[in-house]
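Below is one structure, written out as structure tokens; the observations come after it.
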Amino acid sequence: MRSEVDGGTRGVSTDEAAAEAVGPTTSAAGHGPYFGDFGGRFVPEALIEALDELETEWAKAQADPEFAAELAHLHRSYTGRPSIITEVPRFARHCGGARVILKREDLNHTGSHKINNVLGQALLTKRLGKKRVIAETGAGQHGVATATAAALFDLECVIYMGEEDTERQALNVARMRLLGAEVVPVSTGSRTLKDAINEALRDWVTNVETTNYVFGTVGGPHPFPAMVRDLQRIIGVEARAQVLELTGRLPDVVAACVGGGSNAIGIFHAFLDDPQVRLVGLEAGGDGVDTGRHAATITGGAPGVLHGARSFLLQDDDGQTIESHSISAGLDYPGVGPEHAWLASIGRAEYRPITDAEAMEAFRLLSRTEGIIPAIESSHALAGAMKLGRELTVEGQEPPIILVNLSGRGDKDVETAARWFSLLDEGAS
Amino acid sequence: MNGSVTVTDTPSGDLHAPSRTAERLRAVRREGRPALVGYLPVGFPDVDGAVAAARTMVDAGVDVIELGLPYSDPVMDGAVIQRAVEHALRGGVRVRDTFATVEAVASTGVPVLVMTYWNPVVRYGIAPFARDLAAAGGAGLITADLIPDEAGDWLTASDEHALDRVFLVAPSSTPERLALTAQATRGFVYAASTMGVTGTRATVGAHAERLVADTRRAGAEHVCVGLGVSTRDQAAEVGAYADGVIVGSAFVRALAEADDQQAGLHALHRVVEDLAEGVREVRR
């Protein structure tokens, strides 16, 4: 299947890319339930039938040309795929002279890569004959995307969101309600994303007969990590062909931010069998990994079981989940998808922390140099590109090419940025 | 990472060890009634208070004790138990307190099972956890988010230390999964009466009776029913077809709603006694 894009001179056909995106994946990739020592289904027995059903139906959908065509049509006429790539030379001056190319998932309908996943899962919900969807959300991006798909497909939609996040992201709560979703603030535990997932799982255990859980990232029990990856891998499939077309060669580095890890897996996957391409995941380093206030799960966590999968997580000596910290609500999660844990363990991908301050500097720079306001999540990947560019550039040699997944746009982050950079006049908050 | 229990020798494995919980269920069955299994979280309202509460439950007629190991992300628990567990964790309860609590309660002679989510056991180490639980006199584990398919290391460790392993079945379980679970289980199979989480409910799920029958047919010697049982009448109703009735939230609530610890123990005693009479009303 690689032959479709190997020539490097072909433009991307959305239909082809979509067909590949939902087709069988490369031999380098695990299909689950396990990715090496990671993954699995650590859930109550009550959910097993639903997970089996989801796995079976997903396999059928992947083999069904009609499903691929329907999804490709949505990509083209609703999301706006293929998303473009943009080379950013003025920003690249801050990256040691490397060439920096952005994959513009920020231009998708609803403003991030999340829509790729939810449209696929909404189609799947229809195939399952279910009329109600639930989802968890942290920053609100996945919640907004799910509410959007629910509106489009006329599904009842309930979004669980930590009470603290509903306060931090009040506008996204309003967006979801405008779209017809019910937003349930979760007041237990740390009142953030992990508790929203707990509550969504409780809802699912109770209502599984009528309800599909639209999981937002490449975590959770099998088949979610493999299924969400298959729905997000269109990012890398498109980007690989686009970079080949633009530059005549593969990038040296692919950089993406990692919270749960869906945008990163999405762009990494098409490059797994290209050993010369370095895959770098940028984790949320918060105040710095050594301060303990961070969300860098692979860098600063340990293997364990959370939310249905064995992976890395932030935990104490007793195995209690530790609260994560990041300026970016979308990366503020103490777990990570099992395939990332596996890619880290075999050395195929590397994971590095980016502090809040480094991410915000990249946020400012891209806005000022290129007129693109990135999501704070994606700004972690941009900050990674700044570091990697400086490390890799060698005087007198062809500059390295860094492909960055710009997974989302920064509209939702303007208030946070305004506070960070003290941009608001006094009294006007 | 050892608990407070001193472990001198690792006990040698006994693959044919009898199940302490199953023995108790058989003894209760000879009395012509189902068992009452009572749940409380370790460390609620504090470590000593939980020991006193569990002993109160034994005095008031509980046949098997289920001690919940407090965990930060209890996805199978409803609001009552979630809040009790949060309270325990805020109070600083540690995994090692579970072993100490097991030891203090097991000395009453009642089988003590620990209900746990899987990560604390993984973090402690599955084999060391089994060793220390056995050394504390624990009967075994009830695993809320561990299915037999993922339980290879635990099957080995529980065999080695002659511990019971209670897995769950649900109304959604297929016949194949009922058979798999019945085969992997030692002690009893925990049948979730309804699709949902722990908590008190007005009615016990209508599927429960059929699930118990199906699970027996799949090979389980003992099947106990939990989720939603909180009254004497429900206990009698469920006890008519199950080997045991598992009650948690109703007991936790009795403790949680009391003004002080003495009042809590008093209220708990009353609720347990009521339910214990419920299972003794069952005519077989």
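Simple scheme: letters A, B, ... for chains in structure tokens order, numbers from 1 for residues in each chain, numbers from 1 for ligands in the order shown.
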
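For Asp165 (chain A), the list of residues within 12 Å, based on only C-alpha atoms and with local chain neighbours fewer than 6 positions off taken out, reads Glu136, Thr137, Gly138, Ala139, Gly140, Gln141, Gly143, Leu171, Asn172, Val173, Val183, Val184, Pro185, Val186, Ser187, Ser190, Arg191, Thr192, Leu193, Lys194, Asp195, Ala196, Ile327, Ser328, Ala329, Gly330 and Asp332 of chain A.
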
Which residues of chain A are close to chain B, meaning at most 8 Å apart when you count only C-alpha atoms, and how do they look as a ChimeraX atom specification? /A:40-49,188-189,195,198-199,201-203,205-207,304-306,308,317-321

Can those selected residues be exported to a file as a compact mmCIF listing (two decimals), in the first residue's frame so that it contains N, CA, C and O atoms?
```txt
# COMPACT_ATOMS: atom_id res chain seq x y z
N GLY A 40 -4.12 -4.03 25.99
CA GLY A 40 -5.00 -4.94 26.71
C GLY A 40 -6.37 -4.37 26.99
O GLY A 40 -6.77 -3.34 26.44
N ARG A 41 -7.11 -5.10 27.83
CA ARG A 41 -8.49 -4.69 28.18
C ARG A 41 -8.68 -4.84 29.68
O ARG A 41 -9.19 -5.86 30.15
N PHE A 42 -8.25 -3.84 30.44
CA PHE A 42 -8.39 -3.88 31.89
C PHE A 42 -9.65 -3.11 32.28
O PHE A 42 -9.59 -1.97 32.71
N VAL A 43 -10.78 -3.75 32.03
CA VAL A 43 -12.08 -3.12 32.26
C VAL A 43 -12.99 -4.11 32.95
O VAL A 43 -12.74 -5.32 32.93
N PRO A 44 -14.08 -3.61 33.54
CA PRO A 44 -15.08 -4.52 34.11
C PRO A 44 -15.64 -5.44 33.02
O PRO A 44 -15.81 -5.03 31.87
N GLU A 45 -15.94 -6.67 33.43
CA GLU A 45 -16.50 -7.66 32.51
C GLU A 45 -17.72 -7.12 31.76
O GLU A 45 -17.93 -7.44 30.59
N ALA A 46 -18.50 -6.25 32.42
CA ALA A 46 -19.72 -5.74 31.81
C ALA A 46 -19.46 -5.07 30.46
O ALA A 46 -20.34 -4.99 29.62
N LEU A 47 -18.24 -4.55 30.25
CA LEU A 47 -17.95 -3.83 29.01
C LEU A 47 -17.40 -4.73 27.91
O LEU A 47 -17.26 -4.29 26.76
N ILE A 48 -17.07 -5.97 28.25
CA ILE A 48 -16.37 -6.81 27.27
C ILE A 48 -17.20 -7.06 26.03
O ILE A 48 -16.71 -6.99 24.90
N GLU A 49 -18.51 -7.31 26.22
CA GLU A 49 -19.33 -7.58 25.05
C GLU A 49 -19.33 -6.38 24.11
O GLU A 49 -19.24 -6.53 22.89
N THR A 188 -15.99 14.69 41.01
CA THR A 188 -15.26 13.74 41.86
C THR A 188 -13.77 13.77 41.53
O THR A 188 -13.35 14.28 40.49
N GLY A 189 -12.97 13.21 42.43
CA GLY A 189 -11.53 13.08 42.23
C GLY A 189 -10.87 14.43 42.03
O GLY A 189 -11.13 15.39 42.76
N ASP A 195 -10.99 12.11 35.59
CA ASP A 195 -12.24 11.85 36.29
C ASP A 195 -13.42 11.88 35.32
O ASP A 195 -14.41 11.18 35.51
N ASN A 198 -13.44 8.48 33.94
CA ASN A 198 -14.06 7.56 34.91
C ASN A 198 -15.58 7.64 34.82
O ASN A 198 -16.27 6.62 34.81
N GLU A 199 -16.10 8.85 34.77
CA GLU A 199 -17.55 9.03 34.78
C GLU A 199 -18.16 8.55 33.46
O GLU A 199 -19.24 7.96 33.45
N LEU A 201 -16.94 6.14 31.69
CA LEU A 201 -16.92 4.67 31.76
C LEU A 201 -18.09 4.16 32.61
O LEU A 201 -18.71 3.15 32.29
N ARG A 202 -18.42 4.89 33.69
CA ARG A 202 -19.56 4.49 34.53
C ARG A 202 -20.87 4.59 33.74
O ARG A 202 -21.73 3.72 33.83
N ASP A 203 -20.99 5.65 32.97
CA ASP A 203 -22.17 5.80 32.12
C ASP A 203 -22.23 4.64 31.13
O ASP A 203 -23.28 4.01 30.94
N VAL A 205 -20.90 1.60 31.26
CA VAL A 205 -21.23 0.33 31.92
C VAL A 205 -22.75 0.24 32.11
O VAL A 205 -23.35 -0.82 31.95
N THR A 206 -23.36 1.37 32.43
CA THR A 206 -24.79 1.39 32.74
C THR A 206 -25.66 1.36 31.48
O THR A 206 -26.71 0.73 31.46
N ASN A 207 -25.21 2.05 30.43
CA ASN A 207 -26.07 2.26 29.25
C ASN A 207 -25.53 1.64 27.97
O ASN A 207 -25.86 2.09 26.87
N GLY A 304 1.98 0.91 34.15
CA GLY A 304 0.87 0.54 35.02
C GLY A 304 -0.40 0.46 34.21
O GLY A 304 -0.36 0.51 32.97
N VAL A 305 -1.53 0.34 34.91
CA VAL A 305 -2.82 0.17 34.25
C VAL A 305 -3.72 1.35 34.62
O VAL A 305 -3.91 1.64 35.80
N LEU A 306 -4.23 2.03 33.61
CA LEU A 306 -5.19 3.11 33.86
C LEU A 306 -6.17 3.17 32.69
O LEU A 306 -5.77 3.06 31.54
N GLY A 308 -8.23 1.19 31.41
CA GLY A 308 -8.41 0.06 30.52
C GLY A 308 -7.20 -0.47 29.80
O GLY A 308 -7.27 -1.48 29.12
N ASP A 317 3.84 5.56 44.73
CA ASP A 317 4.35 4.24 45.09
C ASP A 317 3.25 3.22 45.31
O ASP A 317 3.49 2.02 45.26
N ASP A 318 2.04 3.70 45.61
CA ASP A 318 0.90 2.80 45.84
C ASP A 318 0.09 2.55 44.58
O ASP A 318 -0.93 1.87 44.64
N GLY A 319 0.51 3.13 43.45
CA GLY A 319 -0.26 2.94 42.23
C GLY A 319 -1.46 3.85 42.12
O GLY A 319 -2.34 3.64 41.28
N GLN A 320 -1.54 4.86 43.00
CA GLN A 320 -2.60 5.86 42.86
C GLN A 320 -2.19 6.84 41.77
O GLN A 320 -1.02 7.24 41.70
N THR A 321 -3.15 7.21 40.94
CA THR A 321 -2.85 8.14 39.85
C THR A 321 -2.49 9.51 40.43
O THR A 321 -3.14 10.00 41.35
```

Could you give me, as number ranges by chain, the residues within 12 Å of Leu406 (chain A), counting only C-alpha atoms and dropping anything in the same chain fewer than 2 positions from it? A: 83-88, 100-108, 111-113, 235-236, 239, 254-257, 263-264, 266-267, 362-363, 366, 372-383, 385, 403-404, 408-410

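In this structure, CA of Ala139 (chain B) sits 25.1 Å away from CA of Gly92 (chain B).
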
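Take CA of Gly137 (chain B) and CA of Val112 (chain B): the distance between them is 7.8 Å.
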
Pick out the closest residue to Thr146 (chain A) from this set: A:Leu128, A:Ile115, A:Ala200, A:Ala349. Count only C-alpha atoms. A:Ile115

In region 13-259 of chain B, what's helix (DSSP H, G or I) per DSSP? Answer as a VMD selection string? chain B and resid 20 to 30 47 to 59 79 to 90 95 to 106 118 to 124 126 to 135 148 to 150 152 to 160 175 to 184 208 to 217 232 to 239 249 to 256

From a DSSP calculation on the backbone, collect every residue of region 59-183 of chain B in strand (DSSP E or B) and output the set as a VMD selection string. chain B and resid 64 to 68 112 to 116 140 to 143 164 to 166 168 to 169

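Taking CA of Pro34 (chain B) as the reference point, CA of Ala182 (chain B) is found at 19.1 Å.
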
Once you count only C-alpha atoms, what closest atom pair and distance in Å to one decimal does each residue of region 144-217 of chain A within 8 Å of region 122-126 of chain A have, with rows by chain and rising residue number, as a Markdown table?
```
| residue | atom | partner | partner_atom | distance |
| --- | --- | --- | --- | --- |
| A:Ala149 | CA | A:Ala122 | CA | 6.4 |
| A:Ala150 | CA | A:Ala122 | CA | 7.2 |
| A:Phe153 | CA | A:Ala122 | CA | 7.2 |
| A:Asn212 | CA | A:Thr125 | CA | 6.2 |
| A:Val214 | CA | A:Ala122 | CA | 7.7 |
```

Find the residues around Glu277 (chain B) up to 12 Å (only C-alpha atoms counted), leave out those fewer than 3 positions away in its own chain, and share them as a PyMOL selection string. chain B and resi 33-36+60-62+231-236+239+270-274+280-282

Selected residues written out with C-alpha atoms, as a compact mmCIF listing (two decimals), in the first residue's frame:
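Written file, part-v3.txt:
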```
# COMPACT_ATOMS: atom_id res chain seq x y z
CA ARG B 33 -29.61 -20.09 53.71
CA PRO B 34 -27.52 -17.81 51.52
CA ALA B 35 -24.51 -15.89 52.83
CA LEU B 36 -24.29 -12.17 53.51
CA ALA B 60 -23.99 -8.35 63.35
CA GLY B 61 -24.06 -11.42 61.12
CA VAL B 62 -21.94 -10.94 57.99
CA THR B 231 -32.72 -3.74 51.95
CA ARG B 232 -33.81 -6.79 53.90
CA ASP B 233 -36.48 -7.62 51.31
CA GLN B 234 -33.98 -7.38 48.46
CA ALA B 235 -31.58 -9.61 50.38
CA ALA B 236 -34.32 -12.18 50.87
CA GLY B 239 -30.91 -14.90 48.49
CA ARG B 270 -28.51 -2.14 62.80
CA VAL B 271 -28.37 -2.20 58.99
CA VAL B 272 -26.23 -5.34 58.90
CA GLU B 273 -28.48 -7.11 61.38
CA ASP B 274 -31.50 -6.26 59.28
CA ARG B 280 -32.10 -15.97 57.19
CA GLU B 281 -35.70 -15.54 56.09
CA VAL B 282 -34.94 -17.35 52.88
```
